[in-house]
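Below: the structure, in structure tokens.
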Amino acid sequence: MSEDNVLLKVVKLRKWFEMRKGLFGEVMYLKAVDGVTFDLNKGEAISLVGESGSGKTTLGKTILRLREPTDGKIIFKGKDITHLPNDKLFWYRREASLIQQDPFGALPAHFTISKIIEEPLIIHKMGDKEERRERVYKALEEVRLTPVEDFASKYPHMLSGGQMQRVAIARALVLRPSLVIADEPVSMLDASVRIEILTLLRELQDRLKISFIYITHDLATTRYFSEWIFIMYAGHIVERGLTKEILRNPLHPYTKALLSAIPDPDPENRKKFRDVPPGEPPSLINPPPGCRFAPRCPFAMDKCKEEPPEIEVSPKHFVKCWLYA
Amino acid sequence: MSDNILEVKNLKLYYETRKGIVKAVDNVSFTLKRGETLAIVGESGCGKSSMAKAIIRLLPRNVHTYSGEVFFDGKDIMKYDDNRFRREVRWRKISMVFQGAQNSLNPVLKVGFQIAEPLMIHEGLKKEEAIKRAREALKLVGIHEAFIDRYPFELSGGMKQRVVIAMALVTRPEILILDEPTSALDVITQANIMNLLKRLKKEFNFTYIFITHDIALSSELADKVAVMYAGEIVELASAEVFYGEPNHPYSRKLMASVPTLRTDKKLEFIPGAPPSLINPPPGCRFAPRCPFAMDKCKEEPPVYNLDEGHFVKCWLFEEKR
């Protein structure tokens with residue numbers, strides 16, 4: 001793969017939140033993202049999968065520079081944007097956008113739909129009024145909110161959850177970004193609407209050649225919507241590789257546990273117990289050194305007290321686990 | 001029939017709102033044997049939770065119609081007045097784990113007291129005795145009894161969910177209604193809770209009514225499945241039939257929209273949205289979204305009994321009888 005195909009390069013990225021007990025108390029760090037490295041190619045989609053508190057949302061927001069990185073590098077289109085000051089980030093804001101989890105909270109209630117989608121265009125001074133209107137209508141058409149004239153003049157409360165999420169998608173895409181981070185874009189929606197919205201996102205991503213980071217806790221949907229799966233646990237990416245490969249041949253004990261915890265509809269399920277590890281993810285405040293899954297891992301050994309390296313077990317399939325060293 | 005622990009016949013629950021009458025549960029019937037689990041699946045707003053509330057009679061103030069028959073162990077409990085229902089049925093025979101209940105534990109009370117409270121209220125036990133039983137209930141759901149003196153904030157999400165299950169079990173009911181019992185939990189925690197529910201069922205022969213929108217998850221417990229659409233049960237089938245090849249067009253579409261990890265299939269979604277429950281269209285309520293809709297669907301379809309315990313409310317099955 002040639003380097004110029006890479007859109008986003010993340011190197012040993014850290015985001016630690018400083019916490020202090022009392023005014024003069026000792027400083028502690030909540031290590032939400034702790035040394036994450038990966039590349040994202042143009043036009044490809046990654047599913048970032050993890051449980052709540054695994055740091056997946058923080059990673060997304062740090063990449064978008066909505067959080068100040070603690071350490072490491074973010075390189076976008078060959079430019080180092082890790083510590084660029086806000087006033088030099090204007091172009092990046094146009095290139096990289098966010099779709100949030102909760103469409104009810106993400107859309108301003110007193111704006112019409114057309115105003116909501118037009119706003120990014122105004123902020124980035126694109127086109128005159130007529131051109132902007134055209135682009136808003138086109139964006140509405142793209143997310144199939146038709147007839148567009150009807151929807152343009154509505155307010156968010158007049159729409160269903162699925163329709164609101166379509167508006168949020170239209171707003172995220174209207175500037176034609178090259179990177180979109182979608183943070184649990186469908187978890188607030190009904191099951192059948194979820195598939196509809198994800199299908200739409202995938203279609204637009206293909207057609208507009210956008211790179212996508214799809215943050216989710218739902219492993220079952222990833223196979224339909226992304227080339228890559230990254231599994232995150234307690235601030236680390238513990239396994240990453242091609243979607244098919246990860247689902248067919250999961251290697252990290254955590255990935256295996258995650259996969260075996262998810263049922264497919266099957267009448268046999270009720271007759272057997274699932275083999276899942278007990279316990280909960282560790283606290284991210286001053287976590288113990290070494291592998292963070294070790295306390296729950298059936299294969300834990302002495303060595304797991306040291307941090308495991310990321311090992312490329314087969315081409316492009318990385319595992320952060322001593323079992324494969 | 002003593003074989004059936006629960007028989008529900010023509011149950012209706014309508015709400016009165018400013019916009020009109022909401023037919024949340026409309027003429028629903030099913031039977032449940034002791035030790036069986038019925039899963040109720042459907043999209044949000046189809047009346048799943050309303051049906052549970054109708055069975056356990058926890059009703060809001062704006063009830064318009066509440067009618068039908070509910071037989072528990074052969075006795076029509078719909079005929080009981082509220083006082084008798086509260087004394088004899090609710091929590092003593094039928095109890096419920098509410099959706100998101102782990103977040104409504106009282107933050108200033110110890111969990112032991114919260115588990116013991118239903119015993120003091122419903123069985124009139126003294127505090128010491130009730131706490132003793134609460135301790136047993138905690139052990140039953142896999143929490144160390146030392147946690148009896150903890151406060152909810154000291155517990156993880158999965159443990160709080162176990163506490164809520166202990167609360168529902170402590171009065172030793174026979175039927176347990178589970179309304180989305182794992183909806184806010186992570187998948188591994190969810191699998192642990194499902195394991196717990198399976199173990200309890202095996203040990204105590206509980207009868208569950210398991211309400212969920214997650215079809216894949218429903219197969220973890222269900223012996224039979226009721227598919228609800230717009231306030232009605234459109235199909236009632238055994239787990240083998242439903243997860244294999246359901247019959248009602250809506251059930252089929254629903255199954256086709258479930259993403260699977262282990263098998264390759266094309267994912268579909270159901271275009272359109274369910275109808276409003278205020279003045280729903282006459283005839284089949286799914287017809288406007290149904291690929292097989294025909295003229296006849298403007299009339300209300302009867303319920304066809306295709307096989308032992310397999311019911312479908314759809315005109316397509318008229319000639320197959």
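As shown in the structure tokens, the chain order sets the letters A, B, ...; within each chain, residues go from 1, and ligands are also counted from 1 in the order they appear.
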
Determine, using only C-alpha atoms, which residues of chain A have any atom at most 8 Å from an atom of chain B, and tabulate each with its shortest atom pair and distance in Å to one decimal place, rows ordered by chain and then rising number, as a tab-separated table.
```
residue	atom	partner	partner_atom	distance
A:Glu51	CA	B:Asp186	CA	5.8
A:Ser52	CA	B:Asp186	CA	6.8
A:Asp190	CA	B:Glu43	CA	6.4
A:Ala191	CA	B:Glu43	CA	7.1
A:Ser192	CA	B:Phe269	CA	5.5
A:Val193	CA	B:Phe269	CA	7.0
A:Ile195	CA	B:Phe269	CA	5.9
A:Glu196	CA	B:Phe269	CA	5.7
A:His217	CA	B:Asp186	CA	7.7
A:Leu219	CA	B:Leu261	CA	7.7
A:Ala220	CA	B:Leu261	CA	5.2
A:Thr221	CA	B:Pro259	CA	5.7
A:Arg223	CA	B:Leu261	CA	7.5
A:Leu247	CA	B:Leu261	CA	7.5
A:Ala257	CA	B:Ile188	CA	7.4
A:Leu258	CA	B:Ile188	CA	6.3
A:Ala261	CA	B:Ala191	CA	5.4
A:Ile262	CA	B:Val187	CA	6.7
A:Pro263	CA	B:Ala216	CA	5.7
A:Asp264	CA	B:Ala216	CA	5.0
A:Pro265	CA	B:Ala216	CA	4.1
A:Asp266	CA	B:Tyr243	CA	5.7
A:Pro267	CA	B:Ala239	CA	5.3
A:Glu268	CA	B:Ser219	CA	7.9
A:Asn269	CA	B:Glu220	CA	4.9
A:Arg270	CA	B:Glu220	CA	4.5
A:Phe273	CA	B:Asn195	CA	5.6
A:Arg274	CA	B:Asn195	CA	6.6
A:Val276	CA	B:Ile188	CA	6.6
A:Pro277	CA	B:Ile188	CA	7.6
A:Pro278	CA	B:Asn192	CA	7.2
A:Glu280	CA	B:Thr189	CA	7.7
```

Write the residues you've just listed into a file as an mmCIF file, in the first residue's frame, and include N, CA and C atoms for each of them.
```
data_model
loop_
_atom_site.group_PDB
_atom_site.id
_atom_site.type_symbol
_atom_site.label_atom_id
_atom_site.label_comp_id
_atom_site.auth_asym_id
_atom_site.auth_seq_id
_atom_site.Cartn_x
_atom_site.Cartn_y
_atom_site.Cartn_z
ATOM 1 N N GLU A 51 -16.451 -1.797 24.732
ATOM 2 C CA GLU A 51 -17.509 -1.615 25.714
ATOM 3 C C GLU A 51 -17.532 -0.166 26.182
ATOM 4 N N SER A 52 -18.542 0.198 26.949
ATOM 5 C CA SER A 52 -18.566 1.576 27.433
ATOM 6 C C SER A 52 -17.385 1.782 28.376
ATOM 7 N N ASP A 190 -34.401 2.439 16.590
ATOM 8 C CA ASP A 190 -35.018 1.121 16.582
ATOM 9 C C ASP A 190 -34.265 0.155 15.673
ATOM 10 N N ALA A 191 -34.365 -1.131 15.970
ATOM 11 C CA ALA A 191 -33.571 -2.132 15.255
ATOM 12 C C ALA A 191 -33.718 -2.049 13.738
ATOM 13 N N SER A 192 -34.942 -1.956 13.244
ATOM 14 C CA SER A 192 -35.100 -1.993 11.787
ATOM 15 C C SER A 192 -34.634 -0.676 11.163
ATOM 16 N N VAL A 193 -34.779 0.436 11.897
ATOM 17 C CA VAL A 193 -34.313 1.721 11.389
ATOM 18 C C VAL A 193 -32.781 1.758 11.363
ATOM 19 N N ILE A 195 -30.643 -0.583 10.573
ATOM 20 C CA ILE A 195 -30.096 -1.154 9.346
ATOM 21 C C ILE A 195 -30.290 -0.176 8.199
ATOM 22 N N GLU A 196 -31.440 0.487 8.186
ATOM 23 C CA GLU A 196 -31.727 1.462 7.136
ATOM 24 C C GLU A 196 -30.684 2.576 7.141
ATOM 25 N N HIS A 217 -20.600 -0.385 19.878
ATOM 26 C CA HIS A 217 -20.396 -1.503 20.787
ATOM 27 C C HIS A 217 -21.026 -2.760 20.190
ATOM 28 N N LEU A 219 -20.903 -5.465 17.699
ATOM 29 C CA LEU A 219 -20.030 -6.178 16.781
ATOM 30 C C LEU A 219 -20.810 -6.783 15.613
ATOM 31 N N ALA A 220 -22.077 -7.128 15.852
ATOM 32 C CA ALA A 220 -22.829 -7.840 14.816
ATOM 33 C C ALA A 220 -23.048 -6.986 13.571
ATOM 34 N N THR A 221 -23.152 -5.664 13.716
ATOM 35 C CA THR A 221 -23.403 -4.844 12.529
ATOM 36 C C THR A 221 -22.118 -4.540 11.746
ATOM 37 N N ARG A 223 -19.733 -6.221 10.400
ATOM 38 C CA ARG A 223 -19.366 -6.980 9.203
ATOM 39 C C ARG A 223 -20.042 -6.460 7.960
ATOM 40 N N LEU A 247 -13.474 -11.714 12.465
ATOM 41 C CA LEU A 247 -14.658 -12.487 12.831
ATOM 42 C C LEU A 247 -14.423 -13.978 12.651
ATOM 43 N N ALA A 257 -13.869 -13.478 23.779
ATOM 44 C CA ALA A 257 -14.941 -13.365 24.774
ATOM 45 C C ALA A 257 -16.089 -12.526 24.226
ATOM 46 N N LEU A 258 -15.727 -11.422 23.576
ATOM 47 C CA LEU A 258 -16.729 -10.516 23.028
ATOM 48 C C LEU A 258 -17.585 -11.239 21.994
ATOM 49 N N ALA A 261 -19.965 -13.748 23.417
ATOM 50 C CA ALA A 261 -21.053 -13.177 24.221
ATOM 51 C C ALA A 261 -22.235 -12.759 23.363
ATOM 52 N N ILE A 262 -22.012 -12.637 22.039
ATOM 53 C CA ILE A 262 -23.083 -12.126 21.176
ATOM 54 C C ILE A 262 -23.859 -13.273 20.551
ATOM 55 N N PRO A 263 -25.168 -13.351 20.814
ATOM 56 C CA PRO A 263 -25.953 -14.434 20.228
ATOM 57 C C PRO A 263 -26.383 -14.124 18.803
ATOM 58 N N ASP A 264 -26.508 -15.146 17.975
ATOM 59 C CA ASP A 264 -27.270 -15.068 16.737
ATOM 60 C C ASP A 264 -28.621 -15.681 17.057
ATOM 61 N N PRO A 265 -29.683 -15.276 16.346
ATOM 62 C CA PRO A 265 -30.979 -15.872 16.668
ATOM 63 C C PRO A 265 -30.946 -17.378 16.414
ATOM 64 N N ASP A 266 -31.167 -18.153 17.418
ATOM 65 C CA ASP A 266 -31.048 -19.603 17.294
ATOM 66 C C ASP A 266 -31.782 -20.250 18.483
ATOM 67 N N PRO A 267 -32.743 -21.119 18.190
ATOM 68 C CA PRO A 267 -33.503 -21.720 19.298
ATOM 69 C C PRO A 267 -32.635 -22.584 20.220
ATOM 70 N N GLU A 268 -31.439 -22.939 19.786
ATOM 71 C CA GLU A 268 -30.559 -23.741 20.644
ATOM 72 C C GLU A 268 -29.958 -22.907 21.779
ATOM 73 N N ASN A 269 -29.911 -21.581 21.590
ATOM 74 C CA ASN A 269 -29.255 -20.708 22.571
ATOM 75 C C ASN A 269 -29.782 -20.917 23.983
ATOM 76 N N ARG A 270 -31.101 -21.139 24.087
ATOM 77 C CA ARG A 270 -31.693 -21.181 25.424
ATOM 78 C C ARG A 270 -31.278 -22.416 26.202
ATOM 79 N N PHE A 273 -25.310 -22.464 28.337
ATOM 80 C CA PHE A 273 -24.769 -21.273 28.974
ATOM 81 C C PHE A 273 -23.637 -20.725 28.122
ATOM 82 N N ARG A 274 -23.459 -19.413 28.177
ATOM 83 C CA ARG A 274 -22.381 -18.810 27.399
ATOM 84 C C ARG A 274 -21.100 -18.756 28.204
ATOM 85 N N VAL A 276 -18.408 -16.838 29.157
ATOM 86 C CA VAL A 276 -17.916 -15.457 29.169
ATOM 87 C C VAL A 276 -17.153 -15.189 30.459
ATOM 88 N N PRO A 277 -16.143 -14.307 30.391
ATOM 89 C CA PRO A 277 -15.382 -14.036 31.602
ATOM 90 C C PRO A 277 -16.212 -13.241 32.599
ATOM 91 N N PRO A 278 -16.060 -13.502 33.882
ATOM 92 C CA PRO A 278 -16.750 -12.697 34.884
ATOM 93 C C PRO A 278 -16.035 -11.357 35.021
ATOM 94 N N GLU A 280 -15.516 -7.033 35.397
ATOM 95 C CA GLU A 280 -15.757 -5.820 34.624
ATOM 96 C C GLU A 280 -14.413 -5.234 34.210
#
```

task = Would you return as a VMD selection string the members of region 71-199 of chain A that DSSP assigns to helix (DSSP H, G or I) on this structure's backbone?
result = chain A and resid 86 to 88 90 to 95 103 to 106 113 to 123 129 to 142 148 to 152 156 to 158 161 to 173 191 to 199

key: Residue contacts of Pro309 (chain A) (12 Å, only C-alpha atoms) excluding same-chain residues fewer than 4 positions away, as a PyMOL selection string   = chain A and resi 35-37+236-239+290-291+303-304+313+318-325

request  = To one decimal in Å, tell me the separation between CA of Leu40 (chain A) and CA of Gly72 (chain A).
outcome  = 16.2 Å

task = Would you mind writing down, as a PyMOL selection string, each residue of region 83-167 of chain B that DSSP on the backbone assigns to strand (DSSP E)?
result = chain B and resi 94-97

All residues 12 Å or closer to region 137-139 of chain A, only C-alpha atoms, same chain fewer than 3 positions away omitted, as JSON, numbers by chain = {"A": [113, 114, 115, 116, 117, 118, 121, 130, 131, 132, 133, 134, 142, 143, 144, 145, 146, 147, 148, 149, 150, 151, 152, 153, 166, 167, 168, 169, 170, 171, 172, 173, 174, 175, 176, 204]}

key: Best match for closeness to Gln102 (chain B) among B:Met167, B:Leu11, B:Ala24, B:Val225, counting only C-alpha atoms   =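 Answer, going by the shortest atom-to-atom distance: B:Met167.
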
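Closest approach to Phe72 (chain B) among B:Val170, B:Leu316, B:Ile94, B:Ile165 is made by B:Ile94 (distances from only C-alpha atoms).
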
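In this structure, CA of Phe85 (chain B) sits 15.0 Å away from CA of Glu174 (chain B).
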
inquiry  = Need the shell around Phe38 (chain A): protein/DNA/RNA residues with any atom at most 7 Å away, counting only C-alpha atoms. Skip same-chain ones fewer than 6 positions apart. Format as a ChimeraX atom specification?
reply    = /A:9-11

Contacts of Pro85 (chain A) within 12 Å, only C-alpha atoms, excl. fewer than 5 positions in-chain, as a compact mmCIF listing (two decimals) with N, CA and C atoms, in the first residue's frame:
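That gives us part.txt:
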```txt
# COMPACT_ATOMS: atom_id res chain seq x y z
N ARG A 65 -9.63 16.52 17.13
CA ARG A 65 -9.08 17.66 17.88
C ARG A 65 -10.16 18.41 18.65
N LEU A 66 -11.16 17.66 19.11
CA LEU A 66 -12.13 18.24 20.03
C LEU A 66 -11.62 18.04 21.45
N GLU A 68 -7.69 17.84 23.43
CA GLU A 68 -6.26 18.10 23.23
C GLU A 68 -5.46 16.80 23.49
N ASP A 80 1.01 17.26 10.10
CA ASP A 80 0.92 16.96 11.52
C ASP A 80 -0.04 17.95 12.17
N PHE A 90 -8.84 25.49 10.87
CA PHE A 90 -10.09 25.74 10.16
C PHE A 90 -10.29 24.77 9.00
N TYR A 92 -9.10 21.83 8.67
CA TYR A 92 -9.31 20.47 9.17
C TYR A 92 -10.76 20.27 9.59
```

Spatial neighbours of Val25 (chain B), max dist 7 Å, only C-alpha atoms, sep filter under 4 positions, as a PyMOL selection string = chain B and resi 12-14+47+50-51+231-232

Restricting it to C-alpha atoms, dump the selection as an mmCIF file, in the first residue's frame.
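As written to disk, result.cif reads:
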```cif
data_model
loop_
_atom_site.group_PDB
_atom_site.id
_atom_site.type_symbol
_atom_site.label_atom_id
_atom_site.label_comp_id
_atom_site.auth_asym_id
_atom_site.auth_seq_id
_atom_site.Cartn_x
_atom_site.Cartn_y
_atom_site.Cartn_z
ATOM 1 C CA LYS B 12 -57.085 -4.604 25.926
ATOM 2 C CA LEU B 13 -55.374 -1.543 27.293
ATOM 3 C CA TYR B 14 -56.250 1.812 25.738
ATOM 4 C CA GLY B 47 -47.175 -2.097 22.981
ATOM 5 C CA SER B 50 -47.952 -1.769 27.963
ATOM 6 C CA MET B 51 -48.859 -5.435 27.747
ATOM 7 C CA GLY B 231 -50.674 -3.200 19.652
ATOM 8 C CA GLU B 232 -51.480 -6.668 18.314
#
```
